[in-house]
Amino acid sequence: MKFNYALLSRSLIALLFVIAGVNKLMDFSGTQGTVAYFDSLGLPAPVVAAILVILIEVPIALMFAYGYKVKQTGYVLIGFTILATLIGHRDIFGTDMVTALKNLAIVGGIMAAISCACGDCVVHNKKVS
C-alpha cells in the first residue's frame, strides 16, 4: 500500500486553518473575541469580516485537505494568508516578523501542494477534473 504524502501534507496545512477558524467561532462575540479583535484592527464591518474569515478557514481548508479542487482552494488560502498577514500583522519588520515569516512558509507549503496536484485533484485515488 502506497502512503499518500500529498493527503498528509494538505491535511497538516489545513489543520492550522481549521483550528484557527473553530477558535474564532467559539469566541465569536466575547470581550476579547473575534469581532472585538477585528474591530481593534479598524476593519469597517468586523462581524461580516469575522464570518468571512471563518467561512474561509474551515470549509475551504477542509476541501483543500480532502483534495477537492486543490488549485482553487489553495489559491483562496494563499490569498487569505497574505491578506491576514498584511491586515493583522502590520509590523512585519518588527514585532510581527516571525509571524509574517511563518505565514510565508504556509504560503510556500500551499504552493508546493498545488504544484503536486498537477491540474488534477485526487480524491480516493480517482482523478477528477
# chains A, B, ... in the order shown; residues from 1 in each chain; ligands from 1
$ residues_around --residues "Lys24 of chain A" --least-positions-apart "4" --cutoff "10 Å" --atoms "only C-alpha atoms" --output "mmCIF file with N, CA, C and O atoms, in the first residue's frame"
data_model
loop_
_atom_site.group_PDB
_atom_site.id
_atom_site.type_symbol
_atom_site.label_atom_id
_atom_site.label_comp_id
_atom_site.auth_asym_id
_atom_site.auth_seq_id
_atom_site.Cartn_x
_atom_site.Cartn_y
_atom_site.Cartn_z
ATOM 1 N N VAL A 18 -8.219 25.184 10.122
ATOM 2 C CA VAL A 18 -9.446 24.683 10.754
ATOM 3 C C VAL A 18 -9.449 24.999 12.248
ATOM 4 O O VAL A 18 -10.453 25.491 12.784
ATOM 5 N N ILE A 19 -8.339 24.753 12.920
ATOM 6 C CA ILE A 19 -8.272 25.054 14.363
ATOM 7 C C ILE A 19 -8.443 26.546 14.606
ATOM 8 O O ILE A 19 -9.177 26.958 15.512
ATOM 9 N N ALA A 20 -7.791 27.382 13.795
ATOM 10 C CA ALA A 20 -7.934 28.830 13.953
ATOM 11 C C ALA A 20 -9.379 29.262 13.721
ATOM 12 O O ALA A 20 -9.923 30.090 14.467
ATOM 13 N N PHE A 28 -16.612 34.022 19.335
ATOM 14 C CA PHE A 28 -17.031 34.958 18.292
ATOM 15 C C PHE A 28 -17.304 36.355 18.823
ATOM 16 O O PHE A 28 -16.801 37.334 18.313
ATOM 17 N N SER A 29 -18.105 36.457 19.885
ATOM 18 C CA SER A 29 -18.538 37.793 20.326
ATOM 19 C C SER A 29 -18.113 38.140 21.752
ATOM 20 O O SER A 29 -18.620 39.085 22.324
ATOM 21 N N GLY A 33 -13.033 38.566 21.996
ATOM 22 C CA GLY A 33 -13.337 37.643 20.910
ATOM 23 C C GLY A 33 -12.954 38.140 19.534
ATOM 24 O O GLY A 33 -12.340 39.195 19.357
ATOM 25 N N THR A 34 -13.352 37.344 18.569
ATOM 26 C CA THR A 34 -13.006 37.583 17.173
ATOM 27 C C THR A 34 -13.496 38.936 16.685
ATOM 28 O O THR A 34 -12.737 39.704 16.086
ATOM 29 N N VAL A 35 -14.751 39.251 16.946
ATOM 30 C CA VAL A 35 -15.317 40.512 16.466
ATOM 31 C C VAL A 35 -14.602 41.695 17.117
ATOM 32 O O VAL A 35 -14.265 42.674 16.442
ATOM 33 N N ALA A 50 -15.458 38.706 10.326
ATOM 34 C CA ALA A 50 -15.280 37.503 11.134
ATOM 35 C C ALA A 50 -15.985 36.307 10.499
ATOM 36 O O ALA A 50 -15.428 35.208 10.443
ATOM 37 N N ILE A 51 -17.183 36.531 10.002
ATOM 38 C CA ILE A 51 -17.931 35.445 9.347
ATOM 39 C C ILE A 51 -17.190 34.976 8.097
ATOM 40 O O ILE A 51 -17.033 33.766 7.866
ATOM 41 N N VAL A 53 -13.990 35.225 7.409
ATOM 42 C CA VAL A 53 -12.755 34.545 7.798
ATOM 43 C C VAL A 53 -13.045 33.112 8.231
ATOM 44 O O VAL A 53 -12.356 32.173 7.815
ATOM 45 N N ILE A 54 -14.072 32.922 9.036
ATOM 46 C CA ILE A 54 -14.431 31.570 9.487
ATOM 47 C C ILE A 54 -14.851 30.704 8.304
ATOM 48 O O ILE A 54 -14.486 29.524 8.222
ATOM 49 N N GLU A 57 -11.578 29.799 6.590
ATOM 50 C CA GLU A 57 -10.672 28.948 7.360
ATOM 51 C C GLU A 57 -11.181 27.528 7.550
ATOM 52 O O GLU A 57 -10.372 26.600 7.564
#
$ residues_around --residues "segment 87-104 of chain A" --least-positions-apart "4" --cutoff "10 Å" --atoms "only C-alpha atoms" --output "list of chain:residue names"
A:Tyr37, A:Phe38, A:Ser40, A:Leu41, A:Gly42, A:Leu43, A:Ile78, A:Thr81, A:Ile82, A:Leu83, A:Gly108, A:Gly109, A:Ile110
$ closest_residue --among "A:Ala45, A:Ile114, A:Leu15, A:Asp39" --to "Gly67 of chain A" --atoms "only C-alpha atoms"
A:Ile114
$ closest_residue --among "A:Ile106, A:Val48, A:Ala84, A:Val70" --to "Ile13 of chain A" --atoms "only C-alpha atoms"
A:Ile106
$ atom_distance --atom1 "atom CA of Ala6 of chain A" --atom2 "atom CA of Tyr66 of chain A"
10.0 Å
$ select_by_dssp --residues "chain A" --states "helix (DSSP H, G or I)" --output "JSON, numbers by chain"
{"A": [5, 6, 7, 8, 9, 10, 11, 12, 13, 14, 15, 16, 17, 18, 19, 20, 21, 22, 23, 24, 25, 26, 34, 35, 36, 37, 38, 39, 40, 46, 47, 48, 49, 50, 51, 52, 53, 54, 55, 56, 57, 58, 59, 60, 61, 62, 63, 64, 65, 66, 70, 71, 72, 73, 74, 75, 76, 77, 78, 79, 80, 81, 82, 83, 84, 85, 86, 87, 88, 97, 98, 99, 100, 101, 102, 103, 104, 105, 106, 107, 108, 109, 110, 111, 112, 113, 114, 115, 116, 117]}
$ decode --residues "segment 49-88 of chain A" --atoms "N, CA and C atoms" --output "compact mmCIF listing (two decimals), in the first residue's frame"
# COMPACT_ATOMS: atom_id res chain seq x y z
N ALA A 49 -16.59 40.56 8.53
CA ALA A 49 -15.21 40.08 8.33
C ALA A 49 -14.98 38.79 9.09
N ALA A 50 -15.46 38.71 10.33
CA ALA A 50 -15.28 37.50 11.13
C ALA A 50 -15.98 36.31 10.50
N ILE A 51 -17.18 36.53 10.00
CA ILE A 51 -17.93 35.44 9.35
C ILE A 51 -17.19 34.98 8.10
N LEU A 52 -16.71 35.92 7.29
CA LEU A 52 -15.98 35.55 6.07
C LEU A 52 -14.70 34.78 6.39
N VAL A 53 -13.99 35.22 7.41
CA VAL A 53 -12.75 34.55 7.80
C VAL A 53 -13.04 33.11 8.23
N ILE A 54 -14.07 32.92 9.04
CA ILE A 54 -14.43 31.57 9.49
C ILE A 54 -14.85 30.70 8.30
N LEU A 55 -15.59 31.29 7.36
CA LEU A 55 -16.02 30.53 6.19
C LEU A 55 -14.85 30.16 5.28
N ILE A 56 -13.80 30.93 5.31
CA ILE A 56 -12.60 30.56 4.54
C ILE A 56 -11.79 29.54 5.31
N GLU A 57 -11.58 29.80 6.59
CA GLU A 57 -10.67 28.95 7.36
C GLU A 57 -11.18 27.53 7.55
N VAL A 58 -12.46 27.33 7.70
CA VAL A 58 -12.94 25.97 7.99
C VAL A 58 -13.31 25.20 6.72
N PRO A 59 -14.38 25.57 6.00
CA PRO A 59 -14.76 24.71 4.87
C PRO A 59 -13.76 24.70 3.71
N ILE A 60 -13.15 25.84 3.40
CA ILE A 60 -12.18 25.88 2.30
C ILE A 60 -10.96 25.02 2.66
N ALA A 61 -10.49 25.13 3.89
CA ALA A 61 -9.34 24.33 4.31
C ALA A 61 -9.67 22.85 4.32
N LEU A 62 -10.89 22.48 4.71
CA LEU A 62 -11.28 21.07 4.68
C LEU A 62 -11.34 20.55 3.25
N MET A 63 -11.84 21.36 2.32
CA MET A 63 -11.87 20.95 0.91
C MET A 63 -10.44 20.78 0.39
N PHE A 64 -9.56 21.68 0.77
CA PHE A 64 -8.15 21.59 0.38
C PHE A 64 -7.53 20.29 0.91
N ALA A 65 -7.77 19.99 2.18
CA ALA A 65 -7.22 18.78 2.80
C ALA A 65 -7.74 17.52 2.10
N TYR A 66 -9.02 17.52 1.78
CA TYR A 66 -9.65 16.36 1.16
C TYR A 66 -9.16 16.15 -0.26
N GLY A 67 -8.68 17.20 -0.88
CA GLY A 67 -8.19 17.09 -2.24
C GLY A 67 -9.19 17.55 -3.28
N TYR A 68 -10.21 18.26 -2.84
CA TYR A 68 -11.24 18.76 -3.76
C TYR A 68 -10.81 20.12 -4.30
N LYS A 69 -10.58 20.18 -5.61
CA LYS A 69 -10.17 21.42 -6.27
C LYS A 69 -8.98 22.06 -5.55
N VAL A 70 -7.90 21.30 -5.49
CA VAL A 70 -6.71 21.71 -4.73
C VAL A 70 -6.19 23.07 -5.20
N LYS A 71 -6.13 23.28 -6.51
CA LYS A 71 -5.61 24.56 -7.00
C LYS A 71 -6.48 25.72 -6.55
N GLN A 72 -7.79 25.61 -6.76
CA GLN A 72 -8.68 26.72 -6.44
C GLN A 72 -8.71 27.00 -4.93
N THR A 73 -8.87 25.95 -4.14
CA THR A 73 -8.91 26.15 -2.69
C THR A 73 -7.54 26.61 -2.18
N GLY A 74 -6.48 26.12 -2.78
CA GLY A 74 -5.14 26.55 -2.39
C GLY A 74 -4.91 28.03 -2.68
N TYR A 75 -5.38 28.48 -3.85
CA TYR A 75 -5.24 29.91 -4.17
C TYR A 75 -6.04 30.78 -3.20
N VAL A 76 -7.22 30.31 -2.80
CA VAL A 76 -8.01 31.06 -1.82
C VAL A 76 -7.25 31.15 -0.49
N LEU A 77 -6.67 30.03 -0.06
CA LEU A 77 -5.93 30.02 1.20
C LEU A 77 -4.67 30.89 1.11
N ILE A 78 -4.01 30.91 -0.05
CA ILE A 78 -2.84 31.77 -0.23
C ILE A 78 -3.26 33.23 -0.13
N GLY A 79 -4.30 33.60 -0.85
CA GLY A 79 -4.78 34.99 -0.79
C GLY A 79 -5.19 35.39 0.61
N PHE A 80 -5.89 34.49 1.28
CA PHE A 80 -6.31 34.75 2.65
C PHE A 80 -5.10 34.96 3.57
N THR A 81 -4.11 34.09 3.44
CA THR A 81 -2.94 34.16 4.31
C THR A 81 -2.17 35.46 4.08
N ILE A 82 -2.03 35.86 2.82
CA ILE A 82 -1.33 37.12 2.52
C ILE A 82 -2.11 38.30 3.09
N LEU A 83 -3.43 38.31 2.87
CA LEU A 83 -4.25 39.42 3.42
C LEU A 83 -4.22 39.44 4.94
N ALA A 84 -4.32 38.28 5.56
CA ALA A 84 -4.28 38.22 7.03
C ALA A 84 -2.96 38.74 7.56
N THR A 85 -1.88 38.44 6.85
CA THR A 85 -0.57 38.94 7.27
C THR A 85 -0.51 40.46 7.16
N LEU A 86 -0.99 40.98 6.04
CA LEU A 86 -0.92 42.42 5.83
C LEU A 86 -1.87 43.21 6.74
N ILE A 87 -3.01 42.62 7.07
CA ILE A 87 -4.01 43.32 7.89
C ILE A 87 -3.76 43.09 9.38
N GLY A 88 -3.52 41.85 9.77
CA GLY A 88 -3.45 41.52 11.19
C GLY A 88 -2.06 41.56 11.79
